[in-house]
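The next block holds one structure in the form of structure tokens; read it before the comments.
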Amino acid sequence: MLIPKTPTWASNYSNTFTYSPSPGVTSTYENRSEPSLEVQQNGILLANTITLMDINYQYNQINQNILFFKNVISGNTINLTASTRTISEDDLFRSLRVVNAGACTYTINTFGQLANLNGNDGLVVEVVQGGTGAITLSPGSNVSIETKTGFLPKTSGKGTRIFAKRYKIESGTEYWDVYGEVGT
């Protein structure tokens with residue numbers, strides 16, 4: 001299960017919150033820590049006292065499911081011909097099939113605290129070269145793209161596919177791995 005990390009709807013970016021579990025008692029909890037196993041397995045149970053952390057966790061899981069299923073239901077493949085494009089939230093968890101005779105550049109910008117259903121931090125998008133023009137993934141502002149040594153974040157020929165997966169956010173920078181049939 002994912003550990004909630006200040007969901008997009010949250011206005012307080014504190015790491016810890018102070019709360020009163022009972023009159024006269026003040027405690028703090030780690031906002032970004034994982035809730036109890038009971039909450040993870042069974043959800044929030046009305047018979048128990050719940051914390052803001054538990055609510056954050058449940059809400060974050062619901063948001064992740066909505067994003068994932070919205071894109072799956074609307075179709076996994078997006079057919080494109082544009083030579084330039086900025087990858088959007090609607091492109092996540094989908095395959096972008098690009099048919100163009102010339103070289104194409106697709107930019108990855110920041111997505112903030114969106115997180116996916118499959119674990120870690122990994123937002124992911126697949127890019128398929130359907131034409132003769134290679135597709136290069138380019139980092140936008142505050143984005144770092146990494147690939148294996150000696151290769152570039154681009155497709156290597158017609159019919160090849162590459163994947164971009166965000167693996168962490170640190171100090172305002174998003175880090176993405178590009179892997180698959182990458183070119184030189």
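Each chain of the structure tokens is named A, B, ... in the order shown, its residues numbered from 1; ligands are numbered from 1 in display order.
Here the DSSP assignment of strand (DSSP E), based on backbone atoms, applies within region 93-145 of chain A to A:Ser95, A:Leu96, A:Arg97, A:Val98, A:Cys104, A:Thr105, A:Tyr106, A:Thr107, A:Ile108, A:Val124, A:Val125, A:Glu126, A:Val127, A:Val128, A:Gln129, A:Ile135, A:Thr136, A:Leu137, A:Ser138, A:Pro139, A:Val143, A:Ser144, A:Ile145.
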Selection from above, C-alpha atoms, as a JSON list (two decimals), in the first residue's frame, can you write it?
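Written file, out01.json:
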```json
[["chain", "number", "residue", "atom", "x", "y", "z"],
["A", 95, "SER", "CA", -0.07, 4.08, -24.07],
["A", 96, "LEU", "CA", 0.69, 6.99, -26.39],
["A", 97, "ARG", "CA", 1.06, 5.63, -29.95],
["A", 98, "VAL", "CA", 2.76, 8.28, -32.05],
["A", 104, "CYS", "CA", 8.95, 14.16, -32.01],
["A", 105, "THR", "CA", 9.51, 15.68, -28.56],
["A", 106, "TYR", "CA", 7.12, 14.97, -25.72],
["A", 107, "THR", "CA", 7.66, 16.92, -22.49],
["A", 108, "ILE", "CA", 7.13, 15.60, -18.99],
["A", 124, "VAL", "CA", 3.77, 5.83, -15.52],
["A", 125, "VAL", "CA", 3.18, 6.44, -19.22],
["A", 126, "GLU", "CA", 4.08, 4.27, -22.22],
["A", 127, "VAL", "CA", 5.20, 5.77, -25.55],
["A", 128, "VAL", "CA", 5.12, 3.69, -28.75],
["A", 129, "GLN", "CA", 6.82, 4.76, -31.98],
["A", 135, "ILE", "CA", 9.97, 10.13, -29.94],
["A", 136, "THR", "CA", 12.17, 11.85, -27.36],
["A", 137, "LEU", "CA", 10.95, 12.44, -23.80],
["A", 138, "SER", "CA", 12.13, 15.82, -22.58],
["A", 139, "PRO", "CA", 12.15, 17.07, -18.97],
["A", 143, "VAL", "CA", 11.85, 17.33, -13.75],
["A", 144, "SER", "CA", 14.88, 15.06, -14.01],
["A", 145, "ILE", "CA", 14.85, 12.17, -16.51]]
```
>> Need the shell around Gly130 (chain A): protein/DNA/RNA residues with any atom at most 8 Å away, counting only C-alpha atoms. Skip same-chain ones fewer than 5 positions apart. Format as a list in words?
In response: Arg97, Val98, Val99, Asn100, Lys158, Gly159 and Thr160 of chain A
Would you output that residue set with C-alpha atoms, as a PDB file, in the first residue's frame?
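Everything below was put into selection-v4.pdb:
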```
ATOM      1  CA  ARG A  97       1.061   5.628 -29.947  1.00  0.00           C
ATOM      2  CA  VAL A  98       2.765   8.281 -32.053  1.00  0.00           C
ATOM      3  CA  VAL A  99       2.695   8.034 -35.858  1.00  0.00           C
ATOM      4  CA  ASN A 100       4.879  10.743 -37.386  1.00  0.00           C
ATOM      5  CA  LYS A 158       9.435   1.948 -35.548  1.00  0.00           C
ATOM      6  CA  GLY A 159       7.417  -0.410 -33.368  1.00  0.00           C
ATOM      7  CA  THR A 160       9.522   0.168 -30.238  1.00  0.00           C
TER       8      THR A 160
END
```
